[in-house]
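Participant: Please see the structure below; I have some questions.
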Protein chains: 2
Amino acid sequence: MAIQAFTGVLAPVLTPFDRDLRPNARKLAAFCKSLLAQGCTALAPFGTNSEANSMSVEERIELLDQILAAGIDAKKLMPGTGASALTDAVRATRHAVAKGCGGVLLLPPFYYKNMSDEGFYRFFAEVIERVGDARLKVYLYHIPPQTIQGLSRDLIERLIKAYPAAVVGIKDSSGDWNNTAALLKRFPGFGTFAGSDDFLLATMRGGGVGCITATGNVNARMIRKLYDAWQQPDADQKQAEISTVRKTVQRHPMIPAMKALMAAWSGDQDWLNVRPPFVPLSAEQGRALAADVAKLGCKGPEMVPA
Amino acid sequence: MAIQAFTGVLAPVLTPFDRDLRPNARKLAAFCKSLLAQGCTALAPFGTNSEANSMSVEERIELLDQILAAGIDAKKLMPGTGASALTDAVRATRHAVAKGCGGVLLLPPFYYKNMSDEGFYRFFAEVIERVGDARLKVYLYHIPPQTIQGLSRDLIERLIKAYPAAVVGIKDSSGDWNNTAALLKRFPGFGTFAGSDDFLLATMRGGGVGCITATGNVNARMIRKLYDAWQQPDADQKQAEISTVRKTVQRHPMIPAMKALMAAWSGDQDWLNVRPPFVPLSAEQGRALAADVAKLGCKGPEMVPA
């Protein structure tokens with residue numbers, strides 16, 4: 001097993017869009033800096049909650065270049081580079097590695113359903129072989145709520161055995177603790193991240209390395225405090241608190257809700273913008289949500305990039 | 001309702017890949033010509049069975065340009081231009097319209113699940129508005145086996161009312177005859193295509209315009225004969241015959257099976273190549289399948305492009 005490049009609390013960074021739905025790189029870079037200042041140990045831009053799959057590979061590549069140019073440390077970035085098309089996934093992954101990113105978060109191909117493990121294996125193998133760079137560190141992205149077909153443990157084992165230096169971890173966004181527990185047991189030393197802060201404490205107790213969590217965008221400080229203190233007596237209490245914040249945000253669809261919080265905190269209504277198929281919340285809904293999570297100790301960053 | 005640009009039997013054209021998994025434009029153009037000669041009334045390149053979602057938008061754009069340059073009539077093409085990312089779908093659709101394609105087959109965004117009708121509406125509306133070309137003819141692509149979330153009839157109605165000149169038809173690949181029947185009843189005059197030749201006869205009897213069917217790639221002649229004779233007394237018999245061919249091909253995963261038939265018929269083993277997550281059949285499996293379908297009257301084109 002390779003030494004873990006990433007541990008702790010990562011946010012799949014929300015992508016700010018202007019009114020014409022173009023990504024705003026300046027605002028994204030400022031938000032990345034804010035998240036690192038709030039306690040994120042690293043960042044996973046272009047994840048599911050970044051609306052990455054509503055952006056073209058060109059847009060993701062250009063944005064990555066722009067946030068690096070703005071001074072974000074490539075080693076602290078685990079960009080999502082997955083795509084339905086083999087050639088898109090190769091292109092995005094190759095670019096991330098060339099730019100020195102600490103790792104990539106790699107989805108399985110997600111259009112065609114009922115594929116075999118053999119087919120998924122060939123996809124990941126083909127990406128790794130085509131990128132052909134010893135610096136490549138792949139975090140597999142298991143997220144059956146979106147891809148429907150997830151990554152079986154036999155497939156994961158086969159990939160680790162074939163590419164031990166490249167396949168170093170996984171984000172488990174199944175929402176199923178039994179799956180995370182089974183991963184931790186079967187692959188000790190592998191970089192297993194919970195896909196939600198709901199399972200952060202259980203994941204740490206089971207030998208995992210942290211969480212890559214949507215609410216890292218809006219509640220990084222509280223989540224980081226649990227990560228730092230997971231062996232302390234009040235860890236269960238802290239876990240309950242961050243899970244309550246998450247539940248409150250999840251009364252709305254997660255991405256529009258987090259963007260509405262950002263709009264409420266910053267006063268910048270462009271934070272409400274989402275690309276279809278998402279639908280934005282109203283500024284009013286954002287302010288109400290901000291009031292609700294404030295009561296739970298989640299008050300947003302001191303300086304919100306607008 | 002607009003006058004239908006497309007009727008009859010369309011094949012979602014298989015994409016030939018070389019050994020390095022690059023698309024072979026010369027072979028694709030030859031195959032398009034062969035399909036039209038065999039009886040396809042038009043073609044739907046870059047559909048699900050074309051492995052379009054395993055190709056980048058650039059690759060699809062380049063291939064479209066190449067088959068047009070090889071002499072395929074743009075008016076006879078309904079390329080798939082859907083993508084998970086708004087900007088990709090806009091780019092592919094704009095290109096197809098600019099090149100004079102008779103229509104486009106447009107998927108809903110397919111990564112994020114549990115989206116609202118409002119979100120899907122905004123996606124289609126945004127594509128139509130951004131393309132902003134009076135020549136655009138959209139065929140909606142309802143394929144819940146792959147996208148999981150399909151297109152509700154209320155959504156379809158709203159799109160037709162908002163964009164009556166642009167939203168002219170649908171491919172129903174639900175595999176659920178009740179859905180096709182409900183579409184035909186609710187939207188008379190709309191261009192409803194069965195997504196499978198299994199439902200060709202029922203669709204024609206219900207007022208539909210034809211089928212866009214995977215097996216159009218390997219059994220165009222028999223399917224076209226049914227289309228031409230659907231009001232004749234032996235139509236049910238013809239329907240049963242083409243459905244038996246389809247069932248035989250479907251003993252294997254559809255795309256690798258059809259490519260294996262092409263390899264067997266042409267002797268060109270490169271036809272076996274598929275991009276992951278698909279896994280190719282063997283040449284031997286292709287020859288066995290060819291023997292099986294030959295007994296059912298499906299013998300492949302006289303001239304198979306190699």
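By order in the structure tokens, chains are A, B, ...; within a chain, residues start at 1; ligands start at 1, following the order shown.
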I want to know what sits within 10 Å of A:Gly169, based on only C-alpha atoms, with residues of the same chain fewer than 5 positions away left out; could you give that as a list of chain:residue names?
Facilitator: A:Met1, A:Ala2, A:Gln4, A:Ala5, A:Phe6, A:Gly103, A:Val104, A:Leu105, A:Lys137, A:Val138, A:Tyr139, A:Leu140, A:Tyr141, A:Ile156, A:Ile160, A:Phe187, A:Gly189, A:Phe190, A:Gly191, A:Thr192, A:Phe193, A:Gly208, A:Val209
Participant: At a cut-off of 8 Å, which residues of chain B touch chain A? Count only C-alpha atoms and give the answer as number ranges by chain.
Facilitator: B: 53-56, 84-88, 109-113, 115-116, 118-123, 145-147, 275-279
Participant: My list of candidates is A:Gly207, A:Ala214, A:Phe199, A:Arg153. Which is closest to A:Ala44 when distances are computed with only C-alpha atoms?
Facilitator: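 Under the stated criterion, the closest residue is A:Ala214.
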Participant: Might you pull out every residue within 9 Å of B:Asp198, with only C-alpha atoms counted and same-chain residues fewer than 5 positions away left off, and present them as a ChimeraX atom specification?
Facilitator: /B:175,213,239-240,242-243,246
Participant: As number ranges by chain, please: every residue in stretch 17-217 of chain A that a backbone DSSP assignment puts in helix (DSSP H, G or I).
Facilitator: A: 25-38, 48-50, 52-54, 57-69, 74-76, 86-98, 117-131, 144-147, 153-162, 177-186, 197-205, 214-217
